[in-house]
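Next comes start.csv, a file with CSV, C-alpha atoms.
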chain,number,residue,atom,x,y,z
A,5,MET,CA,-209.7,-20.9,6.1
A,6,GLN,CA,-207.7,-19.4,9.0
A,7,ARG,CA,-206.3,-21.9,11.5
A,8,ILE,CA,-206.2,-20.9,15.2
A,9,TYR,CA,-204.2,-22.9,17.7
A,10,PHE,CA,-205.4,-23.6,21.3
A,11,ASP,CA,-203.4,-26.7,22.1
A,12,ASN,CA,-200.2,-25.3,23.5
A,13,ASN,CA,-200.0,-27.8,26.4
A,14,ALA,CA,-199.6,-30.5,23.8
A,15,THR,CA,-196.8,-28.6,21.9
A,16,THR,CA,-196.0,-25.0,21.1
A,17,PRO,CA,-195.1,-23.5,17.7
A,18,LEU,CA,-191.4,-22.7,17.3
A,19,ASP,CA,-190.5,-19.1,18.1
A,20,PRO,CA,-189.0,-17.6,14.9
A,21,GLU,CA,-185.9,-16.7,16.8
A,22,VAL,CA,-185.5,-20.4,17.7
A,23,ILE,CA,-185.8,-21.4,14.1
A,24,LYS,CA,-183.0,-19.0,13.2
A,25,VAL,CA,-180.5,-20.4,15.6
A,26,MET,CA,-181.4,-24.0,14.7
A,27,GLN,CA,-181.1,-23.3,11.0
A,28,LEU,CA,-177.7,-21.7,11.6
A,29,CYS,CA,-176.6,-24.8,13.5
A,30,LEU,CA,-177.8,-27.2,10.8
A,31,GLU,CA,-176.0,-25.2,8.1
A,32,GLU,CA,-172.8,-24.3,9.8
A,33,ASP,CA,-172.3,-26.0,13.1
A,34,PHE,CA,-172.5,-29.5,12.0
A,35,GLY,CA,-169.4,-30.8,13.8
A,36,ASN,CA,-169.4,-33.4,16.5
A,37,PRO,CA,-169.1,-31.6,19.8
A,38,SER,CA,-166.6,-34.2,21.0
A,39,SER,CA,-164.2,-33.6,18.1
A,40,ALA,CA,-161.0,-31.6,18.9
A,41,HIS,CA,-161.0,-29.3,15.9
A,42,TYR,CA,-162.6,-26.1,14.7
A,43,PHE,CA,-166.0,-27.6,13.7
A,44,GLY,CA,-166.2,-29.7,16.9
A,45,GLU,CA,-165.3,-26.7,19.0
A,46,LYS,CA,-168.0,-24.6,17.4
A,47,ALA,CA,-170.6,-27.3,18.0
A,48,ARG,CA,-169.4,-27.7,21.6
A,49,ARG,CA,-169.9,-23.9,22.2
A,50,ARG,CA,-173.4,-24.2,20.9
A,51,VAL,CA,-174.1,-27.0,23.4
A,52,GLU,CA,-172.6,-25.1,26.3
A,53,THR,CA,-174.4,-21.9,25.4
A,54,GLY,CA,-177.7,-23.8,25.4
A,55,ARG,CA,-176.9,-25.3,28.8
A,56,ARG,CA,-176.2,-21.9,30.2
A,57,GLN,CA,-179.5,-20.6,28.8
A,58,VAL,CA,-181.5,-23.4,30.3
A,59,ALA,CA,-179.7,-23.0,33.6
A,60,GLU,CA,-180.5,-19.3,33.6
A,61,LEU,CA,-184.2,-20.0,33.2
A,62,LEU,CA,-184.0,-22.4,36.2
A,63,HIS,CA,-181.6,-20.1,38.2
A,64,CYS,CA,-179.1,-22.9,38.7
A,65,SER,CA,-175.5,-23.7,37.8
A,66,PRO,CA,-175.1,-24.9,34.2
A,67,ASP,CA,-173.3,-28.1,35.3
A,68,ARG,CA,-176.6,-29.2,37.0
A,69,VAL,CA,-178.3,-29.5,33.6
A,70,VAL,CA,-178.3,-32.8,31.7
A,71,PHE,CA,-179.7,-32.8,28.1
A,72,THR,CA,-182.1,-35.5,27.2
A,73,SER,CA,-184.4,-36.4,24.3
A,74,GLY,CA,-187.4,-34.8,26.1
A,75,GLY,CA,-189.4,-34.6,29.3
A,76,SER,CA,-190.3,-38.3,29.2
A,77,GLU,CA,-186.7,-39.4,29.2
A,78,ALA,CA,-185.9,-37.0,32.0
A,79,ASN,CA,-188.7,-38.3,34.1
A,80,CYS,CA,-187.6,-41.9,33.6
A,81,GLN,CA,-184.0,-41.1,34.4
A,82,ALA,CA,-184.9,-39.4,37.6
A,83,ILE,CA,-187.1,-42.3,38.8
A,84,LEU,CA,-184.6,-45.0,37.9
A,85,SER,CA,-181.6,-43.1,39.3
A,86,ALA,CA,-183.3,-42.7,42.7
A,87,VAL,CA,-184.3,-46.4,42.8
A,88,LEU,CA,-181.0,-47.9,41.6
A,89,ALA,CA,-179.1,-45.9,44.2
A,90,GLN,CA,-181.2,-47.3,47.1
A,91,PRO,CA,-181.7,-51.0,46.5
A,92,ASP,CA,-183.1,-51.6,50.0
A,93,CYS,CA,-185.8,-48.9,49.6
A,94,ARG,CA,-188.8,-50.5,47.8
A,95,HIS,CA,-191.5,-47.9,48.4
A,96,LEU,CA,-192.3,-45.1,45.9
A,97,ILE,CA,-194.8,-42.3,46.2
A,98,SER,CA,-196.6,-40.4,43.4
A,99,SER,CA,-200.2,-39.2,42.7
A,100,ARG,CA,-203.2,-40.3,40.8
A,101,VAL,CA,-202.9,-37.5,38.3
A,102,GLU,CA,-199.4,-38.1,36.8
A,103,HIS,CA,-198.3,-38.0,33.2
A,104,PRO,CA,-197.8,-41.5,31.7
A,105,SER,CA,-194.0,-40.8,31.5
A,106,VAL,CA,-194.1,-41.1,35.3
A,107,SER,CA,-197.0,-43.5,35.9
A,108,GLN,CA,-195.6,-46.1,33.3
A,109,PRO,CA,-192.1,-46.3,34.9
A,110,LEU,CA,-193.7,-46.7,38.2
A,111,ASP,CA,-195.9,-49.5,36.9
A,112,PHE,CA,-192.7,-51.1,35.5
A,113,LEU,CA,-191.2,-51.0,38.9
A,114,ARG,CA,-194.4,-52.2,40.6
A,115,HIS,CA,-194.3,-55.4,38.4
A,116,ARG,CA,-190.8,-56.0,39.7
A,117,GLY,CA,-191.7,-56.0,43.4
A,118,TYR,CA,-191.8,-52.3,44.3
A,119,GLU,CA,-194.7,-50.9,46.3
A,120,VAL,CA,-196.1,-47.8,44.6
A,121,GLU,CA,-198.4,-45.5,46.6
A,122,LEU,CA,-200.6,-43.1,44.6
A,123,LEU,CA,-201.9,-40.1,46.6
A,124,PRO,CA,-205.4,-38.8,45.9
A,125,VAL,CA,-206.3,-35.3,45.0
A,126,ASP,CA,-209.4,-33.3,46.0
A,127,GLY,CA,-212.2,-32.0,43.8
A,128,GLU,CA,-210.0,-29.0,42.7
A,129,GLY,CA,-207.0,-31.2,41.9
A,130,ARG,CA,-205.0,-30.2,45.0
A,131,LEU,CA,-202.7,-32.6,46.8
A,132,SER,CA,-202.7,-32.7,50.6
A,133,ALA,CA,-199.3,-32.0,52.2
A,134,ALA,CA,-200.5,-33.9,55.3
A,135,ALA,CA,-201.3,-37.0,53.1
A,136,LEU,CA,-197.8,-36.9,51.7
A,137,ALA,CA,-196.2,-36.6,55.1
A,138,ALA,CA,-198.3,-39.6,56.3
A,139,ALA,CA,-197.3,-41.7,53.3
A,140,ILE,CA,-193.5,-41.4,53.6
A,141,ARG,CA,-191.9,-44.4,55.2
A,142,PRO,CA,-188.3,-45.4,56.2
A,143,ASP,CA,-188.1,-47.4,53.0
A,144,THR,CA,-189.4,-44.7,50.6
A,145,ALA,CA,-186.9,-44.3,47.8
A,146,LEU,CA,-188.5,-41.4,45.9
A,147,VAL,CA,-191.5,-39.0,45.8
A,148,SER,CA,-192.3,-38.1,42.1
A,149,LEU,CA,-194.9,-35.4,41.6
A,150,LEU,CA,-196.3,-33.4,38.7
A,151,ILE,CA,-195.8,-29.7,39.7
A,152,ALA,CA,-198.1,-28.3,37.1
A,153,ASN,CA,-200.8,-30.6,35.7
A,154,ASN,CA,-200.8,-30.9,32.0
A,155,GLU,CA,-204.6,-31.2,31.7
A,156,THR,CA,-206.1,-28.8,34.3
A,157,GLY,CA,-203.0,-26.5,34.9
A,158,VAL,CA,-203.4,-27.0,38.7
A,159,LEU,CA,-200.2,-26.0,40.5
A,160,TRP,CA,-198.8,-27.7,43.6
A,161,ASP,CA,-196.7,-26.0,46.2
A,162,VAL,CA,-193.3,-27.5,45.5
A,163,ALA,CA,-191.7,-25.6,48.4
A,164,GLU,CA,-194.2,-27.1,50.9
A,165,LEU,CA,-194.1,-30.6,49.5
A,166,GLY,CA,-190.4,-30.6,49.1
A,167,ALA,CA,-189.8,-29.4,52.6
A,168,ILE,CA,-191.6,-32.5,53.9
A,169,CYS,CA,-189.5,-34.8,51.7
A,170,ARG,CA,-186.3,-33.0,52.8
A,171,GLU,CA,-187.2,-33.2,56.5
A,172,ARG,CA,-187.7,-37.0,56.1
A,173,GLY,CA,-184.6,-37.5,54.0
A,174,VAL,CA,-186.5,-38.6,50.9
A,175,LEU,CA,-185.6,-37.7,47.3
A,176,LEU,CA,-188.1,-35.6,45.4
A,177,HIS,CA,-188.5,-35.5,41.6
A,178,GLY,CA,-190.6,-32.7,40.1
A,179,ASP,CA,-192.1,-33.0,36.6
A,180,ALA,CA,-191.9,-29.3,35.5
A,181,VAL,CA,-192.5,-29.9,31.8
A,182,GLN,CA,-195.6,-27.7,31.8
A,183,LEU,CA,-194.3,-25.2,34.3
A,184,ALA,CA,-191.2,-24.0,32.6
A,185,GLY,CA,-191.6,-20.8,30.7
A,186,LYS,CA,-195.0,-20.1,32.3
A,187,GLU,CA,-194.0,-19.5,35.9
A,188,GLU,CA,-190.7,-18.4,37.4
A,189,ILE,CA,-188.5,-21.3,38.5
A,190,ARG,CA,-185.8,-20.9,41.1
A,191,VAL,CA,-184.8,-24.5,41.4
A,192,GLU,CA,-181.9,-24.2,43.8
A,193,GLU,CA,-184.2,-22.4,46.3
A,194,TRP,CA,-186.6,-25.3,46.1
A,195,PRO,CA,-186.2,-28.6,48.1
A,196,VAL,CA,-186.1,-30.8,45.0
A,197,ASP,CA,-183.5,-33.3,43.8
A,198,TYR,CA,-184.6,-33.8,40.2
A,199,LEU,CA,-186.6,-31.5,37.8
A,200,SER,CA,-187.7,-32.4,34.3
A,201,LEU,CA,-188.1,-30.1,31.3
A,202,GLY,CA,-189.2,-30.4,27.7
A,203,ALA,CA,-188.2,-27.9,25.0
A,204,HIS,CA,-191.4,-28.2,22.9
A,205,LYS,CA,-193.6,-26.9,25.7
A,206,LEU,CA,-192.0,-23.4,25.6
A,207,HIS,CA,-191.6,-22.7,21.9
A,208,GLY,CA,-188.5,-24.9,21.4
A,209,PRO,CA,-188.0,-28.0,19.3
A,210,LYS,CA,-189.4,-31.5,19.9
A,211,GLY,CA,-186.9,-34.2,20.8
A,212,CYS,CA,-185.0,-32.2,23.3
A,213,GLY,CA,-185.3,-31.8,27.1
A,214,ALA,CA,-183.3,-31.6,30.2
A,215,LEU,CA,-183.0,-33.0,33.7
A,216,TYR,CA,-181.9,-30.8,36.6
A,217,LEU,CA,-179.8,-32.7,39.2
A,218,ARG,CA,-179.1,-31.3,42.6
A,219,ARG,CA,-175.4,-31.7,43.3
A,220,GLN,CA,-175.9,-34.6,45.8
A,221,SER,CA,-178.5,-36.4,43.7
A,222,PRO,CA,-177.6,-39.9,42.6
A,223,VAL,CA,-177.7,-40.4,38.8
A,224,THR,CA,-177.5,-43.4,36.5
A,225,PRO,CA,-177.4,-42.9,32.7
A,226,LEU,CA,-180.2,-44.6,30.8
A,227,VAL,CA,-178.2,-44.3,27.6
A,228,MET,CA,-174.7,-45.8,28.1
A,229,GLY,CA,-171.7,-45.5,26.0
A,230,ALA,CA,-169.2,-42.7,25.7
A,231,GLY,CA,-168.8,-39.9,28.3
A,232,GLN,CA,-171.1,-37.2,26.9
A,233,GLU,CA,-173.0,-35.0,29.4
A,234,GLY,CA,-170.4,-35.6,32.0
A,235,GLY,CA,-171.0,-39.4,31.8
A,236,ARG,CA,-174.7,-38.9,32.7
A,237,ARG,CA,-176.1,-39.5,29.2
A,238,ALA,CA,-174.1,-41.1,26.3
A,239,GLY,CA,-174.6,-40.3,22.7
A,240,THR,CA,-173.7,-37.5,20.3
A,241,GLU,CA,-175.6,-34.4,21.4
A,242,ASN,CA,-178.5,-33.0,19.4
A,243,VAL,CA,-176.7,-29.7,18.8
A,244,ALA,CA,-179.4,-27.9,16.8
A,245,GLY,CA,-182.1,-29.0,19.3
A,246,ILE,CA,-180.0,-27.9,22.3
A,247,ALA,CA,-179.3,-24.6,20.7
A,248,GLY,CA,-183.0,-24.1,20.0
A,249,PHE,CA,-183.9,-25.2,23.5
A,250,GLY,CA,-181.5,-22.7,25.0
A,251,ARG,CA,-182.7,-19.9,22.9
A,252,ALA,CA,-186.3,-20.8,23.7
A,253,CYS,CA,-185.4,-20.7,27.4
A,254,GLU,CA,-183.8,-17.3,27.0
A,255,LEU,CA,-186.9,-15.9,25.2
A,256,ALA,CA,-189.2,-17.5,27.9
A,257,GLY,CA,-187.2,-15.8,30.6
A,258,ALA,CA,-187.5,-12.4,28.8
A,259,HIS,CA,-191.3,-13.0,28.4
A,260,LEU,CA,-191.7,-13.6,32.2
A,261,ALA,CA,-189.4,-10.7,33.1
A,262,GLY,CA,-191.4,-8.4,30.9
A,263,GLY,CA,-194.8,-9.1,32.5
A,264,GLY,CA,-195.9,-11.7,29.9
A,265,ARG,CA,-197.4,-13.9,32.6
A,266,ALA,CA,-200.0,-11.2,33.5
A,267,ALA,CA,-200.8,-10.7,29.8
A,268,VAL,CA,-201.6,-14.4,29.3
A,269,ALA,CA,-203.6,-14.5,32.6
A,270,GLN,CA,-205.7,-11.6,31.3
A,271,LEU,CA,-206.4,-13.5,28.1
A,272,ARG,CA,-207.4,-16.6,30.1
A,273,GLY,CA,-209.7,-14.5,32.2
A,274,ARG,CA,-211.4,-13.2,29.0
A,275,LEU,CA,-211.8,-16.7,27.7
A,276,GLU,CA,-213.2,-18.1,30.9
A,277,GLU,CA,-215.6,-15.3,31.5
A,278,GLY,CA,-216.8,-15.6,27.9
A,279,LEU,CA,-217.2,-19.3,28.2
A,280,LEU,CA,-219.3,-19.2,31.3
A,281,ALA,CA,-221.5,-16.4,29.9
A,282,ALA,CA,-222.1,-18.0,26.5
A,283,CYS,CA,-222.5,-21.6,27.8
A,284,PRO,CA,-224.4,-21.7,31.1
A,285,GLY,CA,-223.7,-24.8,33.2
A,286,ALA,CA,-220.1,-25.1,31.9
A,287,ARG,CA,-217.7,-26.3,34.6
A,288,ILE,CA,-214.1,-24.9,34.8
A,289,ASN,CA,-212.1,-27.8,36.4
A,290,GLY,CA,-209.6,-26.8,39.0
A,291,ALA,CA,-210.9,-23.2,39.2
A,292,GLY,CA,-210.6,-23.2,43.0
A,293,ALA,CA,-206.9,-24.0,43.0
A,294,PRO,CA,-203.8,-22.1,41.8
A,295,ARG,CA,-203.4,-22.8,38.1
A,296,LEU,CA,-201.1,-22.1,35.1
A,297,VAL,CA,-202.2,-18.9,33.6
A,298,ASN,CA,-202.5,-20.4,30.1
A,299,THR,CA,-204.7,-23.4,30.8
A,300,VAL,CA,-208.5,-23.7,30.8
A,301,ASN,CA,-210.0,-27.2,31.3
A,302,VAL,CA,-213.8,-26.9,30.8
A,303,SER,CA,-216.5,-29.5,30.8
A,304,PHE,CA,-220.0,-29.3,29.3
A,305,GLU,CA,-222.6,-31.7,30.6
A,306,HIS,CA,-224.1,-34.3,28.2
A,307,CYS,CA,-221.6,-33.5,25.4
A,308,SER,CA,-219.0,-35.4,23.5
A,309,SER,CA,-215.4,-34.3,23.5
A,310,ALA,CA,-214.6,-36.1,20.3
A,311,GLN,CA,-217.5,-34.5,18.4
A,312,MET,CA,-216.7,-31.0,19.7
A,313,ILE,CA,-213.0,-31.3,18.8
A,314,GLN,CA,-213.9,-32.5,15.3
A,315,ASP,CA,-216.5,-29.7,14.8
A,316,LEU,CA,-214.0,-27.1,16.0
A,317,ASP,CA,-211.3,-28.5,13.8
A,318,ASP,CA,-213.7,-28.2,10.8
A,319,ARG,CA,-214.1,-24.6,11.7
A,320,GLY,CA,-210.3,-24.0,12.0
A,321,PHE,CA,-209.7,-24.4,15.7
A,322,ALA,CA,-207.1,-26.8,17.1
A,323,ILE,CA,-208.2,-28.0,20.6
A,324,SER,CA,-207.7,-31.2,22.6
A,325,ALA,CA,-209.7,-33.0,25.3
A,326,HIS,CA,-206.7,-34.0,27.5
A,327,ALA,CA,-203.0,-34.9,27.2
A,328,ALA,CA,-201.8,-35.4,23.6
A,329,CYS,CA,-200.4,-38.8,24.5
A,330,HIS,CA,-204.1,-39.8,24.9
A,331,GLY,CA,-205.2,-37.9,21.8
A,332,SER,CA,-207.0,-41.0,20.2
A,333,ASP,CA,-208.3,-42.4,23.5
A,334,PRO,CA,-212.1,-42.3,23.5
A,335,GLU,CA,-212.2,-42.7,27.3
A,336,PRO,CA,-212.7,-39.6,29.5
A,337,SER,CA,-209.7,-38.2,31.4
A,338,SER,CA,-208.4,-40.2,34.4
A,339,VAL,CA,-207.2,-36.9,35.9
A,340,LEU,CA,-210.8,-35.6,36.0
A,341,GLY,CA,-211.9,-39.0,37.4
A,342,ALA,CA,-209.4,-38.7,40.2
A,343,MET,CA,-210.9,-35.2,40.9
A,344,GLY,CA,-214.4,-36.6,41.2
A,345,VAL,CA,-215.8,-34.8,38.2
A,346,PRO,CA,-219.1,-36.4,37.3
A,347,GLU,CA,-219.0,-38.7,34.3
A,348,THR,CA,-221.8,-36.7,32.6
A,349,PHE,CA,-219.3,-33.8,32.5
A,350,ARG,CA,-216.1,-35.7,31.9
A,351,HIS,CA,-217.2,-37.0,28.5
A,352,GLY,CA,-217.6,-33.4,27.3
A,353,THR,CA,-214.3,-31.8,28.3
A,354,LEU,CA,-212.1,-29.5,26.3
A,355,ARG,CA,-208.5,-28.4,27.2
A,356,LEU,CA,-207.8,-24.9,25.9
A,357,SER,CA,-204.2,-23.9,26.3
A,358,LEU,CA,-202.9,-20.4,25.3
A,359,SER,CA,-199.4,-19.2,24.6
A,360,ARG,CA,-197.7,-15.8,24.5
A,361,PHE,CA,-198.6,-15.7,20.8
A,362,THR,CA,-202.3,-16.1,21.4
A,363,SER,CA,-204.3,-12.9,20.7
A,364,ALA,CA,-207.5,-11.5,22.1
A,365,ALA,CA,-209.0,-11.7,18.5
A,366,GLU,CA,-208.4,-15.4,18.5
A,367,VAL,CA,-210.1,-15.8,21.9
A,368,ASP,CA,-213.1,-13.9,20.7
A,369,ALA,CA,-213.2,-15.9,17.5
A,370,LEU,CA,-213.4,-19.1,19.6
A,371,LEU,CA,-216.1,-17.7,21.8
A,372,ALA,CA,-218.2,-16.8,18.8
A,373,VAL,CA,-218.5,-20.4,17.6
A,374,LEU,CA,-218.3,-22.4,20.8
A,375,PRO,CA,-222.0,-22.1,21.9
A,376,GLU,CA,-223.1,-23.6,18.6
A,377,VAL,CA,-220.5,-26.4,18.8
A,378,VAL,CA,-221.6,-27.2,22.4
A,379,ALA,CA,-225.3,-27.2,21.4
A,380,ASN,CA,-224.7,-29.5,18.4
A,381,SER,CA,-222.8,-31.9,20.5
A,382,ARG,CA,-225.4,-31.9,23.3
A,383,ARG,CA,-228.1,-32.8,20.7
A,384,GLY,CA,-226.1,-35.6,19.4
A,385,PHE,CA,-225.1,-36.9,22.8
A,386,VAL,CA,-228.6,-37.0,24.2

Could you rewrite the structure in this file as structure tokens?
Amino acid sequence: MQRIYFDNNATTPLDPEVIKVMQLCLEEDFGNPSSAHYFGEKARRRVETGRRQVAELLHCSPDRVVFTSGGSEANCQAILSAVLAQPDCRHLISSRVEHPSVSQPLDFLRHRGYEVELLPVDGEGRLSAAALAAAIRPDTALVSLLIANNETGVLWDVAELGAICRERGVLLHGDAVQLAGKEEIRVEEWPVDYLSLGAHKLHGPKGCGALYLRRQSPVTPLVMGAGQEGGRRAGTENVAGIAGFGRACELAGAHLAGGGRAAVAQLRGRLEEGLLAACPGARINGAGAPRLVNTVNVSFEHCSSAQMIQDLDDRGFAISAHAACHGSDPEPSSVLGAMGVPETFRHGTLRLSLSRFTSAAEVDALLAVLPEVVANSRRGFV
């Protein structure tokens, strides 16, 4: 049976070119990047090449990039760095639709006496700039926001939101894990102080990510020890992972420069039009807001996400209901709850996420089986 993958917001398959560079590192560049000999210098060059490639995707200076174990670590480091640098500021702002790698550190701080204010979103998943401006106080230490939602793909205007923070003198952290490789990022033109990335969302390896730091941004290492990453994260570098991450960023940049975004957008349009035609009453969540071109979050009334996902998996299609970190969670999405999506729809939600490797034939194959899958689920749900 052919297996077709529509869960790229959870993780992406490694690009073959990424595999090549990682395999070369594992076979030949095994030295410790801190060692002052031939093998160490070769490994160090791999790390710095990767750093330059990540920086080129972000349009920033390479020395602003700190490698981490992934987007979650980068998010945690940004939040705690801002808080520890401002002990008298005990107020934090975020939103009700954040990834757990932001909401959980904020809960950790809440239980230690910090006040955490979560901004609402509207029915399309949009965040009000006026609400952000009204929420900022003299004791606000940080605003931490998800620039591209991992479930709905809804995009927030980082320039507008960041300008408000900059005007008020408040640090801004942007979670760009889903954004990188799908939209152009010019981080040094944006009013952000921290930006988080994860390699495995753009056809790079799992276990590697990065945190962008504006030059004036305070930073505290979460991992302490020797002086790797300019003293900003201790531990021997993941050389093969960094090399793969860098190559993935280089390929993502070429994809965007070559018009790849428009090609993925066209596929998404084909998928959404087919869904709405084949399944009357389906609801595309966030359709009225700017969205990532690869993401479709669709709800079917009186259906079961779990049943549809299992039925589709049995037919060879890999699809999720919401974030992979909640993959076994039977509860409907809290993101959709924050958007006010009726519960009768929330229980029957699928997240379909494309990549540059997704084909029109794969989209058509999904559309051919989805009506029957929805009908089967609706019979079982009712």

Near region 199-218 of chain A, 10 Å: region 71-172 of chain A residue rows, closest pairs, only C-alpha atoms, as JSON lines:
{"residue": "A:Phe71", "atom": "CA", "partner": "A:Ala214", "partner_atom": "CA", "distance": 4.3}
{"residue": "A:Thr72", "atom": "CA", "partner": "A:Gly213", "partner_atom": "CA", "distance": 4.9}
{"residue": "A:Ser73", "atom": "CA", "partner": "A:Cys212", "partner_atom": "CA", "distance": 4.4}
{"residue": "A:Gly74", "atom": "CA", "partner": "A:Gly213", "partner_atom": "CA", "distance": 3.8}
{"residue": "A:Gly75", "atom": "CA", "partner": "A:Gly202", "partner_atom": "CA", "distance": 4.5}
{"residue": "A:Ser76", "atom": "CA", "partner": "A:Gly202", "partner_atom": "CA", "distance": 8.1}
{"residue": "A:Glu77", "atom": "CA", "partner": "A:Gly213", "partner_atom": "CA", "distance": 8.0}
{"residue": "A:Ala78", "atom": "CA", "partner": "A:Leu215", "partner_atom": "CA", "distance": 5.2}
{"residue": "A:Asn79", "atom": "CA", "partner": "A:Ser200", "partner_atom": "CA", "distance": 6.0}
{"residue": "A:Cys80", "atom": "CA", "partner": "A:Ser200", "partner_atom": "CA", "distance": 9.5}
{"residue": "A:Gln81", "atom": "CA", "partner": "A:Leu215", "partner_atom": "CA", "distance": 8.2}
{"residue": "A:Ala82", "atom": "CA", "partner": "A:Leu215", "partner_atom": "CA", "distance": 7.7}
{"residue": "A:Ser148", "atom": "CA", "partner": "A:Leu199", "partner_atom": "CA", "distance": 9.7}
{"residue": "A:Leu149", "atom": "CA", "partner": "A:Leu199", "partner_atom": "CA", "distance": 9.9}
{"residue": "A:Leu150", "atom": "CA", "partner": "A:Ser200", "partner_atom": "CA", "distance": 9.7}
{"residue": "A:Ile151", "atom": "CA", "partner": "A:Leu199", "partner_atom": "CA", "distance": 9.6}

Computed interatomic separation between CA of Gly239 (chain A) and CA of Leu113 (chain A) (Å) = 25.5 Å

Proximity of region 11-61 of chain A to region 154-170 of chain A: per-residue shortest pair, 12 Å limit, only C-alpha atoms, as JSON lines:
{"residue": "A:Asp11", "atom": "CA", "partner": "A:Glu155", "partner_atom": "CA", "distance": 10.7}
{"residue": "A:Asn12", "atom": "CA", "partner": "A:Asn154", "partner_atom": "CA", "distance": 10.2}
{"residue": "A:Asn13", "atom": "CA", "partner": "A:Asn154", "partner_atom": "CA", "distance": 6.5}
{"residue": "A:Ala14", "atom": "CA", "partner": "A:Asn154", "partner_atom": "CA", "distance": 8.3}
{"residue": "A:Thr15", "atom": "CA", "partner": "A:Asn154", "partner_atom": "CA", "distance": 11.1}

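Nearest residue to Arg272 (chain A), choosing from A:Leu62, A:Leu356, A:Leu131, A:Met26 and counting all atoms listed in the file: A:Leu356.
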
message = The residues within 7 Å of (-188.6, -19.0, 18.7), using only C-alpha atoms and the coordinates of the file, should be reported as a list in words; which are they?
response = Leu18, Asp19, Pro20, Glu21, Val22, Ile23, His207, Gly208 and Ala252 of chain A

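The space separating CA of Leu260 (chain A) from CA of Ser363 (chain A) comes to 17.1 Å.
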
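For the atom pair formed by CA of Gln57 (chain A) and CA of Tyr9 (chain A), the distance is 27.2 Å, given to one decimal.
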
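Closest approach to Gly320 (chain A) from the set A:Ile189, A:Ala364, A:Leu122, A:Ile8 is made by A:Ile8, with distances taken over all atoms listed in the file.
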
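Among the candidates A:Glu45, A:Glu193, A:Asp126, A:Asp315, the one nearest to Gly292 (chain A) when counting all atoms listed in the file is A:Asp126.
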
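Considering the residues A:Leu136, A:Leu354, A:Ile288, A:Ala281 and counting only C-alpha atoms, Ser309 (chain A) has its shortest atom-to-atom contact with A:Leu354.
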
Protein, DNA and RNA residues within 10 Å of (-183.3, -36.6, 51.1), only C-alpha atoms, as a list in words = Ala145, Leu146, Gly166, Ala167, Ile168, Cys169, Arg170, Glu171, Arg172, Gly173, Val174, Leu175, Leu176, Pro195, Val196, Asp197, Gln220 and Ser221 of chain A

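In this comparison, which uses all atoms listed in the file, the residue of A:Ala59, A:Leu371, A:Cys93, A:Ala180 approaching Arg141 (chain A) most closely is A:Cys93.
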
query = Taking only C-alpha atoms into account, which of A:Asp143, A:Glu233, A:Glu305, A:Glu119 comes nearest Ser381 (chain A)?
reply = A:Glu305

Filled-in N, CA and C atoms of region 36-47 of chain A, supplied as a tab-separated table (two decimals), in the coordinates of the input:
chain	number	residue	atom	x	y	z
A	36	ASN	N	-169.11	-32.63	15.30
A	36	ASN	CA	-169.40	-33.40	16.50
A	36	ASN	C	-168.80	-32.68	17.70
A	37	PRO	N	-169.60	-32.39	18.71
A	37	PRO	CA	-169.10	-31.60	19.80
A	37	PRO	C	-167.94	-32.24	20.59
A	38	SER	N	-167.69	-33.53	20.36
A	38	SER	CA	-166.60	-34.20	21.00
A	38	SER	C	-165.29	-34.15	20.20
A	39	SER	N	-165.36	-33.61	18.98
A	39	SER	CA	-164.20	-33.60	18.10
A	39	SER	C	-163.29	-32.37	18.49
A	40	ALA	N	-161.99	-32.61	18.50
A	40	ALA	CA	-161.00	-31.60	18.90
A	40	ALA	C	-160.51	-30.77	17.76
A	41	HIS	N	-161.40	-30.22	16.96
A	41	HIS	CA	-161.00	-29.30	15.90
A	41	HIS	C	-162.01	-28.19	15.78
A	42	TYR	N	-161.80	-27.32	14.81
A	42	TYR	CA	-162.60	-26.10	14.70
A	42	TYR	C	-164.10	-26.39	14.68
A	43	PHE	N	-164.52	-27.35	13.83
A	43	PHE	CA	-166.00	-27.60	13.70
A	43	PHE	C	-166.52	-28.23	14.97
A	44	GLY	N	-165.76	-29.11	15.60
A	44	GLY	CA	-166.20	-29.70	16.90
A	44	GLY	C	-166.30	-28.67	17.96
A	45	GLU	N	-165.32	-27.75	18.00
A	45	GLU	CA	-165.30	-26.70	19.00
A	45	GLU	C	-166.51	-25.77	18.87
A	46	LYS	N	-166.84	-25.45	17.61
A	46	LYS	CA	-168.00	-24.60	17.40
A	46	LYS	C	-169.29	-25.26	17.86
A	47	ALA	N	-169.41	-26.56	17.56
A	47	ALA	CA	-170.60	-27.30	18.00
A	47	ALA	C	-170.62	-27.37	19.54
